[in-house]
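Enquirer: Here's a structure for you.
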Amino acid sequence: MRITVLSLFPELIATVARFGVLGRALDRGLLELATINPRDFTDDPYRSVDDRPFGGGPGMVMRVEPLERALEAARADRPGRVILLTPQGQRLTQSRLAALAKASHLILVCARYEGVDERFVETFVDEELSIGDYVLSGGELPALVLIDGLARLREGVLGDARSAEEDSFSDGLLDCPHYTRPAEYRGRRVPEVLLSGDHAAIRRWRRSQALLRTWYRRPDLLMRASLSEQDRALLAEAIEAWRLAGKR
Ligand code: SAM
């Protein structure tokens, strides 16, 4: 899979992408990441990528011509799905990430200022994505969020493929709590079942905790999740234990 990012700050993308899971994915060639700077496609001495908005008002707007040329360069040897990062887009979800992870080429457009000329959106953009209901000063961090989320889903990127399968949202639920050594910390013991070596009991406990967490933190997710009879029974049992423990 190739991801090409159109950005006025390509170094920002390249620098952040060097680290952790994403950095390893790039090093191993499991993901290809390219950046293109629209400023390299300007035709005036000031290399201007933005201009004042028609109708007046504050801020600047990214001009359509440098963006169009940058996009042509991005698609020169492979067509790609064009995604604009914008707070006005559909909210990014794990299921959308999973669908996008199957694409062979994604072209991510990062805006700055007040955003891009609307005619660029109308002419070239296939999809608009937001990372949440708040406004950042540029599309680079949202693009990196998307890229990181995609990298985790590429086969061979995570040491153990089950990590992604068990993550929050992958099956519609939140993940269960996790513990590591020491077995006791400030008087708090790790749940005994995790030390038992009984793998069936551990699986059952993890599922019940994922259900319980989702129930009290994100009931909206639970409403949409498809639960088996066994899940419902586990959840009822977990809620009972939780209440008895005086959590609520
Ligand atoms: N005037 C725009 C609006 O109110 O919709 C906001 C422009 S914002 C200052 C500059 C750019 O940052 C956006 O065009 C977009 O590329 C990016 N951006 C900011 N917040 C974002 C978010 N929540 N999700 C995705 N991209 C975002």
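Chain labels run A, B, ... following the order of the structure tokens; each chain numbers its residues from 1, and ligands are numbered from 1 in the order shown.
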Using only C-alpha atoms and all ligand atoms, which protein or nucleic acid residues are at most 6 Å from ligand 1, as an mmCIF file with all heavy atoms, in the first residue's frame?

Expert:
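Output contents, as saved in part.cif:
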```
data_model
loop_
_atom_site.group_PDB
_atom_site.id
_atom_site.type_symbol
_atom_site.label_atom_id
_atom_site.label_comp_id
_atom_site.auth_asym_id
_atom_site.auth_seq_id
_atom_site.Cartn_x
_atom_site.Cartn_y
_atom_site.Cartn_z
ATOM 1 N N LEU A 85 -8.429 15.810 4.613
ATOM 2 C CA LEU A 85 -8.610 15.884 6.060
ATOM 3 C C LEU A 85 -9.269 17.215 6.374
ATOM 4 O O LEU A 85 -8.749 18.270 5.994
ATOM 5 C CB LEU A 85 -7.252 15.779 6.782
ATOM 6 C CG LEU A 85 -6.596 14.410 6.908
ATOM 7 C CD1 LEU A 85 -7.585 13.363 7.396
ATOM 8 C CD2 LEU A 85 -5.970 13.935 5.616
ATOM 9 N N THR A 86 -10.405 17.171 7.017
ATOM 10 C CA THR A 86 -11.143 18.385 7.325
ATOM 11 C C THR A 86 -12.068 18.152 8.510
ATOM 12 O O THR A 86 -12.660 17.062 8.612
ATOM 13 C CB THR A 86 -11.983 18.872 6.107
ATOM 14 O OG1 THR A 86 -12.991 19.774 6.559
ATOM 15 C CG2 THR A 86 -12.664 17.730 5.382
ATOM 16 N N PRO A 87 -12.217 19.149 9.382
ATOM 17 C CA PRO A 87 -13.138 18.946 10.512
ATOM 18 C C PRO A 87 -14.582 18.774 10.051
ATOM 19 O O PRO A 87 -15.434 18.356 10.818
ATOM 20 C CB PRO A 87 -12.965 20.216 11.355
ATOM 21 C CG PRO A 87 -12.290 21.209 10.480
ATOM 22 C CD PRO A 87 -11.542 20.446 9.433
ATOM 23 N N GLN A 88 -14.837 19.069 8.770
ATOM 24 C CA GLN A 88 -16.207 18.950 8.251
ATOM 25 C C GLN A 88 -16.494 17.579 7.651
ATOM 26 O O GLN A 88 -17.588 17.334 7.145
ATOM 27 C CB GLN A 88 -16.448 20.032 7.195
ATOM 28 C CG GLN A 88 -16.249 21.427 7.754
ATOM 29 C CD GLN A 88 -16.495 22.502 6.724
ATOM 30 O OE1 GLN A 88 -17.238 22.315 5.776
ATOM 31 N NE2 GLN A 88 -15.854 23.638 6.918
ATOM 32 N N CYS A 110 -3.626 17.593 3.049
ATOM 33 C CA CYS A 110 -3.611 18.338 4.315
ATOM 34 C C CYS A 110 -3.755 19.817 4.002
ATOM 35 O O CYS A 110 -2.921 20.377 3.291
ATOM 36 C CB CYS A 110 -2.284 18.149 5.037
ATOM 37 S SG CYS A 110 -1.865 16.432 5.305
ATOM 38 N N ALA A 111 -4.765 20.431 4.562
ATOM 39 C CA ALA A 111 -4.929 21.868 4.330
ATOM 40 C C ALA A 111 -4.326 22.659 5.491
ATOM 41 O O ALA A 111 -3.978 22.097 6.533
ATOM 42 C CB ALA A 111 -6.402 22.189 4.156
ATOM 43 N N ARG A 112 -4.200 23.937 5.257
ATOM 44 C CA ARG A 112 -3.791 24.912 6.293
ATOM 45 C C ARG A 112 -4.720 26.100 6.133
ATOM 46 O O ARG A 112 -5.594 26.115 5.283
ATOM 47 C CB ARG A 112 -2.336 25.335 6.096
ATOM 48 C CG ARG A 112 -1.341 24.257 6.476
ATOM 49 C CD ARG A 112 -0.806 24.456 7.887
ATOM 50 N NE ARG A 112 -0.409 23.212 8.525
ATOM 51 C CZ ARG A 112 0.053 23.152 9.773
ATOM 52 N NH1 ARG A 112 0.176 24.253 10.493
ATOM 53 N NH2 ARG A 112 0.377 22.021 10.319
ATOM 54 N N TYR A 113 -4.523 27.120 6.924
ATOM 55 C CA TYR A 113 -5.312 28.364 6.830
ATOM 56 C C TYR A 113 -6.808 28.053 7.034
ATOM 57 O O TYR A 113 -7.158 27.243 7.866
ATOM 58 C CB TYR A 113 -5.048 29.093 5.512
ATOM 59 C CG TYR A 113 -3.605 29.057 5.082
ATOM 60 C CD1 TYR A 113 -3.203 28.406 3.907
ATOM 61 C CD2 TYR A 113 -2.606 29.633 5.878
ATOM 62 C CE1 TYR A 113 -1.868 28.363 3.525
ATOM 63 C CE2 TYR A 113 -1.270 29.589 5.496
ATOM 64 C CZ TYR A 113 -0.911 28.953 4.325
ATOM 65 O OH TYR A 113 0.400 28.889 3.958
ATOM 66 N N GLU A 114 -7.669 28.655 6.192
ATOM 67 C CA GLU A 114 -9.115 28.397 6.318
ATOM 68 C C GLU A 114 -9.540 27.124 5.609
ATOM 69 O O GLU A 114 -10.713 26.742 5.621
ATOM 70 C CB GLU A 114 -9.924 29.577 5.755
ATOM 71 C CG GLU A 114 -9.847 30.847 6.588
ATOM 72 C CD GLU A 114 -10.260 30.620 8.034
ATOM 73 O OE1 GLU A 114 -11.220 29.879 8.281
ATOM 74 O OE2 GLU A 114 -9.586 31.185 8.913
ATOM 75 N N GLY A 115 -8.583 26.488 4.929
ATOM 76 C CA GLY A 115 -8.899 25.279 4.181
ATOM 77 C C GLY A 115 -8.605 25.477 2.701
ATOM 78 O O GLY A 115 -7.927 26.442 2.316
ATOM 79 N N SER A 130 -12.674 13.520 9.102
ATOM 80 C CA SER A 130 -12.346 14.331 10.278
ATOM 81 C C SER A 130 -11.857 13.403 11.370
ATOM 82 O O SER A 130 -12.301 12.256 11.463
ATOM 83 C CB SER A 130 -13.608 15.049 10.757
ATOM 84 O OG SER A 130 -13.444 15.504 12.084
ATOM 85 N N ILE A 131 -10.948 13.886 12.233
ATOM 86 C CA ILE A 131 -10.546 13.040 13.365
ATOM 87 C C ILE A 131 -11.287 13.429 14.638
ATOM 88 O O ILE A 131 -11.032 12.877 15.702
ATOM 89 C CB ILE A 131 -9.015 13.036 13.599
ATOM 90 C CG1 ILE A 131 -8.490 14.427 13.917
ATOM 91 C CG2 ILE A 131 -8.286 12.440 12.407
ATOM 92 C CD1 ILE A 131 -7.130 14.378 14.621
ATOM 93 N N GLY A 132 -12.223 14.367 14.546
ATOM 94 C CA GLY A 132 -13.014 14.705 15.740
ATOM 95 C C GLY A 132 -13.568 16.105 15.653
ATOM 96 O O GLY A 132 -13.143 16.905 14.804
ATOM 97 N N ASP A 133 -14.488 16.396 16.525
ATOM 98 C CA ASP A 133 -15.175 17.691 16.494
ATOM 99 C C ASP A 133 -14.371 18.771 17.216
ATOM 100 O O ASP A 133 -14.770 19.240 18.292
ATOM 101 C CB ASP A 133 -16.572 17.554 17.123
ATOM 102 C CG ASP A 133 -17.510 16.781 16.224
ATOM 103 O OD1 ASP A 133 -17.127 16.506 15.062
ATOM 104 O OD2 ASP A 133 -18.615 16.437 16.676
ATOM 105 N N TYR A 134 -13.245 19.099 16.658
ATOM 106 C CA TYR A 134 -12.410 20.190 17.149
ATOM 107 C C TYR A 134 -11.564 20.636 15.971
ATOM 108 O O TYR A 134 -11.441 19.898 14.989
ATOM 109 C CB TYR A 134 -11.518 19.745 18.326
ATOM 110 C CG TYR A 134 -10.905 18.396 18.120
ATOM 111 C CD1 TYR A 134 -9.745 18.248 17.363
ATOM 112 C CD2 TYR A 134 -11.497 17.256 18.640
ATOM 113 C CE1 TYR A 134 -9.193 17.003 17.142
ATOM 114 C CE2 TYR A 134 -10.958 16.003 18.420
ATOM 115 C CZ TYR A 134 -9.810 15.882 17.680
ATOM 116 O OH TYR A 134 -9.270 14.632 17.453
ATOM 117 N N VAL A 135 -10.995 21.840 16.070
ATOM 118 C CA VAL A 135 -10.263 22.374 14.920
ATOM 119 C C VAL A 135 -8.776 22.497 15.248
ATOM 120 O O VAL A 135 -8.391 23.123 16.236
ATOM 121 C CB VAL A 135 -10.842 23.739 14.496
ATOM 122 C CG1 VAL A 135 -10.021 24.345 13.367
ATOM 123 C CG2 VAL A 135 -12.287 23.570 14.046
ATOM 124 N N LEU A 136 -7.948 21.871 14.417
ATOM 125 C CA LEU A 136 -6.494 21.992 14.525
ATOM 126 C C LEU A 136 -6.028 22.974 13.463
ATOM 127 O O LEU A 136 -6.799 23.358 12.584
ATOM 128 C CB LEU A 136 -5.840 20.629 14.297
ATOM 129 C CG LEU A 136 -6.320 19.503 15.211
ATOM 130 C CD1 LEU A 136 -5.708 18.182 14.799
ATOM 131 C CD2 LEU A 136 -5.981 19.817 16.656
ATOM 132 N N SER A 137 -4.741 23.331 13.519
ATOM 133 C CA SER A 137 -4.293 24.356 12.581
ATOM 134 C C SER A 137 -3.855 23.790 11.238
ATOM 135 O O SER A 137 -3.537 24.541 10.323
ATOM 136 C CB SER A 137 -3.183 25.194 13.200
ATOM 137 O OG SER A 137 -2.253 24.354 13.803
ATOM 138 N N GLY A 138 -3.828 22.474 11.099
ATOM 139 C CA GLY A 138 -3.447 21.904 9.815
ATOM 140 C C GLY A 138 -3.837 20.442 9.721
ATOM 141 O O GLY A 138 -4.141 19.804 10.735
ATOM 142 N N GLY A 139 -3.807 19.912 8.510
ATOM 143 C CA GLY A 139 -4.228 18.529 8.300
ATOM 144 C C GLY A 139 -3.142 17.497 8.548
ATOM 145 O O GLY A 139 -3.395 16.297 8.412
ATOM 146 N N PRO A 142 -3.921 15.184 11.703
ATOM 147 C CA PRO A 142 -4.976 14.244 11.323
ATOM 148 C C PRO A 142 -4.502 13.195 10.308
ATOM 149 O O PRO A 142 -4.841 12.019 10.418
ATOM 150 C CB PRO A 142 -6.055 15.154 10.725
ATOM 151 C CG PRO A 142 -5.865 16.457 11.431
ATOM 152 C CD PRO A 142 -4.394 16.589 11.630
#
```

Enquirer: When DSSP is applied to the backbone of this structure, which of segment 108-227 of chain A are assigned strand (DSSP E or B)? Write them out as an MDAnalysis selection string.

Expert: chainID A and resid 108:109 116 127:130 184:185 188:189

Enquirer: Mind writing the picked residues with N, CA, C and O atoms as a PDB file, in the first residue's frame?

Expert:
```pdb
ATOM      1  N   LEU A 108      -3.565  11.698   0.646  1.00  0.00           N
ATOM      2  CA  LEU A 108      -4.137  12.487   1.744  1.00  0.00           C
ATOM      3  C   LEU A 108      -3.805  13.960   1.529  1.00  0.00           C
ATOM      4  O   LEU A 108      -2.630  14.315   1.374  1.00  0.00           O
ATOM      5  N   VAL A 109      -4.818  14.781   1.537  1.00  0.00           N
ATOM      6  CA  VAL A 109      -4.607  16.217   1.314  1.00  0.00           C
ATOM      7  C   VAL A 109      -4.738  16.944   2.655  1.00  0.00           C
ATOM      8  O   VAL A 109      -5.786  16.890   3.303  1.00  0.00           O
ATOM      9  N   VAL A 116      -9.123  24.557   1.855  1.00  0.00           N
ATOM     10  CA  VAL A 116      -8.836  24.626   0.422  1.00  0.00           C
ATOM     11  C   VAL A 116     -10.016  25.249  -0.322  1.00  0.00           C
ATOM     12  O   VAL A 116     -11.150  25.206   0.140  1.00  0.00           O
ATOM     13  N   GLU A 127     -13.309  11.692  -0.759  1.00  0.00           N
ATOM     14  CA  GLU A 127     -13.825  11.475   0.598  1.00  0.00           C
ATOM     15  C   GLU A 127     -13.246  12.535   1.523  1.00  0.00           C
ATOM     16  O   GLU A 127     -12.089  12.912   1.384  1.00  0.00           O
ATOM     17  N   GLU A 128     -14.057  13.004   2.466  1.00  0.00           N
ATOM     18  CA  GLU A 128     -13.573  13.974   3.458  1.00  0.00           C
ATOM     19  C   GLU A 128     -13.643  13.309   4.827  1.00  0.00           C
ATOM     20  O   GLU A 128     -14.674  12.775   5.206  1.00  0.00           O
ATOM     21  N   LEU A 129     -12.516  13.361   5.558  1.00  0.00           N
ATOM     22  CA  LEU A 129     -12.469  12.701   6.862  1.00  0.00           C
ATOM     23  C   LEU A 129     -12.042  13.670   7.954  1.00  0.00           C
ATOM     24  O   LEU A 129     -11.151  14.501   7.754  1.00  0.00           O
ATOM     25  N   SER A 130     -12.674  13.520   9.102  1.00  0.00           N
ATOM     26  CA  SER A 130     -12.346  14.331  10.278  1.00  0.00           C
ATOM     27  C   SER A 130     -11.857  13.403  11.370  1.00  0.00           C
ATOM     28  O   SER A 130     -12.301  12.256  11.463  1.00  0.00           O
ATOM     29  N   GLU A 184       1.493  -7.382  42.575  1.00  0.00           N
ATOM     30  CA  GLU A 184       0.832  -6.497  43.544  1.00  0.00           C
ATOM     31  C   GLU A 184       1.511  -5.136  43.528  1.00  0.00           C
ATOM     32  O   GLU A 184       2.737  -5.055  43.524  1.00  0.00           O
ATOM     33  N   TYR A 185       0.711  -4.091  43.483  1.00  0.00           N
ATOM     34  CA  TYR A 185       1.250  -2.724  43.441  1.00  0.00           C
ATOM     35  C   TYR A 185       0.393  -1.833  44.319  1.00  0.00           C
ATOM     36  O   TYR A 185      -0.828  -1.764  44.129  1.00  0.00           O
ATOM     37  N   ARG A 188      -2.762  -3.240  45.478  1.00  0.00           N
ATOM     38  CA  ARG A 188      -3.727  -3.686  44.454  1.00  0.00           C
ATOM     39  C   ARG A 188      -3.188  -4.924  43.761  1.00  0.00           C
ATOM     40  O   ARG A 188      -2.116  -4.868  43.142  1.00  0.00           O
ATOM     41  N   ARG A 189      -3.958  -6.021  43.875  1.00  0.00           N
ATOM     42  CA  ARG A 189      -3.567  -7.286  43.251  1.00  0.00           C
ATOM     43  C   ARG A 189      -4.084  -7.346  41.827  1.00  0.00           C
ATOM     44  O   ARG A 189      -5.161  -6.825  41.516  1.00  0.00           O
TER      45      ARG A 189
END
```

Enquirer: Among segment 63-208 of chain A, which residues carry a DSSP assignment of helix (DSSP H, G or I), reported as a VMD selection string?

Expert: chain A and resid 64 to 74 94 to 100 118 to 124 140 to 153 162 to 166 192 to 195 199 to 208

Enquirer: To one decimal place, how far is atom CA of Thr123 of chain A from atom CA of Leu106 of chain A in Å?

Expert: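 Interatomic distance here is 16.7 Å.
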
Enquirer: Compile the contact shell of Arg39 of chain A as a list in words: residues with an atom at most 12 Å away, counting only C-alpha atoms, same-chain residues fewer than 2 positions apart removed.

Expert: Leu6, Ser7, Leu8, Phe9, Pro10, Thr35, Ile36, Asn37, Phe41, Thr42, Asp43, Asp44, Pro45, Tyr46, Arg47, Ser48, Val49, Asp50, Met62, Arg63, Val64, Glu65, Pro66, Leu67, Glu68, Arg69 and Ala70 of chain A

Enquirer: Give me a file of those residues, with N, CA and C atoms, as a CSV table (one decimal), in the first residue's frame.

Expert:
```csv
chain,number,residue,atom,x,y,z
A,6,LEU,N,-0.1,15.2,0.5
A,6,LEU,CA,0.1,16.5,0.0
A,6,LEU,C,0.1,17.5,1.2
A,7,SER,N,1.2,18.1,1.4
A,7,SER,CA,1.3,19.0,2.6
A,7,SER,C,2.4,20.1,2.4
A,8,LEU,N,2.1,21.2,3.0
A,8,LEU,CA,3.0,22.3,3.0
A,8,LEU,C,4.2,22.1,4.0
A,9,PHE,N,4.0,21.1,4.8
A,9,PHE,CA,5.0,20.7,5.8
A,9,PHE,C,5.4,19.2,5.7
A,10,PRO,N,6.0,18.8,4.6
A,10,PRO,CA,6.3,17.4,4.4
A,10,PRO,C,7.2,16.9,5.5
A,35,THR,N,5.7,12.1,0.2
A,35,THR,CA,5.1,13.4,0.5
A,35,THR,C,5.3,14.3,-0.8
A,36,ILE,N,4.4,15.2,-1.0
A,36,ILE,CA,4.5,16.1,-2.1
A,36,ILE,C,4.1,17.5,-1.6
A,37,ASN,N,4.9,18.5,-1.8
A,37,ASN,CA,4.6,19.8,-1.3
A,37,ASN,C,4.0,20.7,-2.5
A,41,PHE,N,4.8,23.4,-6.8
A,41,PHE,CA,4.0,23.4,-8.0
A,41,PHE,C,3.3,24.8,-8.3
A,42,THR,N,4.0,25.8,-7.7
A,42,THR,CA,3.5,27.2,-7.9
A,42,THR,C,4.1,27.8,-9.1
A,43,ASP,N,3.5,28.9,-9.7
A,43,ASP,CA,4.1,29.4,-10.9
A,43,ASP,C,4.4,30.9,-10.7
A,44,ASP,N,4.5,31.4,-9.5
A,44,ASP,CA,4.8,32.8,-9.3
A,44,ASP,C,6.0,32.9,-8.5
A,45,PRO,N,6.7,34.1,-8.5
A,45,PRO,CA,8.0,34.3,-7.8
A,45,PRO,C,7.9,34.1,-6.3
A,46,TYR,N,6.7,34.3,-5.7
A,46,TYR,CA,6.6,34.2,-4.3
A,46,TYR,C,6.2,32.8,-3.9
A,47,ARG,N,6.0,31.9,-4.8
A,47,ARG,CA,5.6,30.5,-4.6
A,47,ARG,C,4.4,30.5,-3.7
A,48,SER,N,3.4,31.3,-4.0
A,48,SER,CA,2.2,31.4,-3.1
A,48,SER,C,1.2,30.2,-3.3
A,49,VAL,N,0.9,29.6,-2.2
A,49,VAL,CA,-0.1,28.5,-2.2
A,49,VAL,C,-1.4,29.0,-1.7
A,50,ASP,N,-1.5,30.2,-1.2
A,50,ASP,CA,-2.8,30.7,-0.6
A,50,ASP,C,-3.1,32.1,-1.1
A,62,MET,N,-6.3,28.0,0.5
A,62,MET,CA,-5.4,27.4,-0.3
A,62,MET,C,-5.8,27.4,-1.8
A,63,ARG,N,-5.0,27.8,-2.7
A,63,ARG,CA,-5.3,27.9,-4.1
A,63,ARG,C,-5.4,26.6,-4.8
A,64,VAL,N,-6.3,26.5,-5.8
A,64,VAL,CA,-6.6,25.2,-6.4
A,64,VAL,C,-5.5,24.8,-7.3
A,65,GLU,N,-4.8,25.7,-8.1
A,65,GLU,CA,-3.9,25.2,-9.1
A,65,GLU,C,-2.7,24.5,-8.5
A,66,PRO,N,-2.0,25.0,-7.5
A,66,PRO,CA,-0.8,24.2,-7.0
A,66,PRO,C,-1.3,22.8,-6.5
A,67,LEU,N,-2.5,22.8,-5.9
A,67,LEU,CA,-3.0,21.5,-5.4
A,67,LEU,C,-3.3,20.6,-6.5
A,68,GLU,N,-3.9,21.1,-7.6
A,68,GLU,CA,-4.2,20.2,-8.7
A,68,GLU,C,-2.9,19.6,-9.3
A,69,ARG,N,-1.9,20.4,-9.4
A,69,ARG,CA,-0.6,19.9,-10.0
A,69,ARG,C,0.0,18.9,-9.1
A,70,ALA,N,0.0,19.2,-7.8
A,70,ALA,CA,0.6,18.3,-6.8
A,70,ALA,C,-0.2,16.9,-6.9
```

Enquirer: Pick the closest to Arg218 of chain A from A:Ala25, A:Leu173, A:Met1, A:Arg52: which is it, counting only C-alpha atoms?

Expert: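 Between A:Ala25, A:Leu173, A:Met1, A:Arg52, the residue approaching Arg218 of chain A most closely is A:Leu173.
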
Enquirer: Nearest to Ala98 of chain A among A:Leu235, A:Leu30, A:Leu195, A:Leu153, with distances taken over only C-alpha atoms: which residue is it?

Expert: A:Leu153

Enquirer: Expressed in Å to a single decimal, how great is the separation between atom CA of Ser226 of chain A and atom CA of Leu194 of chain A?

Expert: 26.2 Å

Enquirer: Would you tabulate, counting only C-alpha atoms, all residues of segment 65-168 of chain A that have an atom at most 9 Å from an atom of segment 176-179 of chain A, showing the closest pair of atoms and their distance in Å to one decimal, sorted by chain then ascending number, as JSON lines?

Expert:
```
{"residue": "A:Glu166", "atom": "CA", "partner": "A:Cys176", "partner_atom": "CA", "distance": 8.7}
{"residue": "A:Asp167", "atom": "CA", "partner": "A:Cys176", "partner_atom": "CA", "distance": 8.7}
{"residue": "A:Ser168", "atom": "CA", "partner": "A:Cys176", "partner_atom": "CA", "distance": 8.3}
```

Enquirer: What's around Ala99 of chain A at 12 Å? Count only C-alpha atoms, leave out sequence neighbours fewer than 3 positions away in its own chain, and write the answer as a list in words.

Expert: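 Those residues are Leu92, Thr93, Gln94, Ser95, Arg96, Lys102, Ala103, Ser104, Leu106, Gly149, Leu150, Leu153, Arg154 and Ser170 of chain A.
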
Enquirer: For the selection just defined, write its residues with C-alpha atoms to a file, as a compact mmCIF listing (two decimals), in the first residue's frame.

Expert:
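The file below, result-v5.txt, is the result:
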```
# COMPACT_ATOMS: atom_id res chain seq x y z
CA LEU A 92 -12.87 8.56 11.26
CA THR A 93 -13.73 5.18 12.81
CA GLN A 94 -11.98 1.83 13.14
CA SER A 95 -14.31 0.28 10.58
CA ARG A 96 -13.52 3.03 8.06
CA LYS A 102 -7.40 -2.48 1.59
CA ALA A 103 -6.69 0.38 -0.86
CA SER A 104 -3.53 0.26 -2.95
CA LEU A 106 -4.38 6.75 -0.74
CA GLY A 149 -4.15 3.64 12.27
CA LEU A 150 -3.75 2.16 8.79
CA LEU A 153 -3.83 -2.98 10.21
CA ARG A 154 -1.29 -3.98 7.55
CA SER A 170 -12.30 -3.98 16.17
```
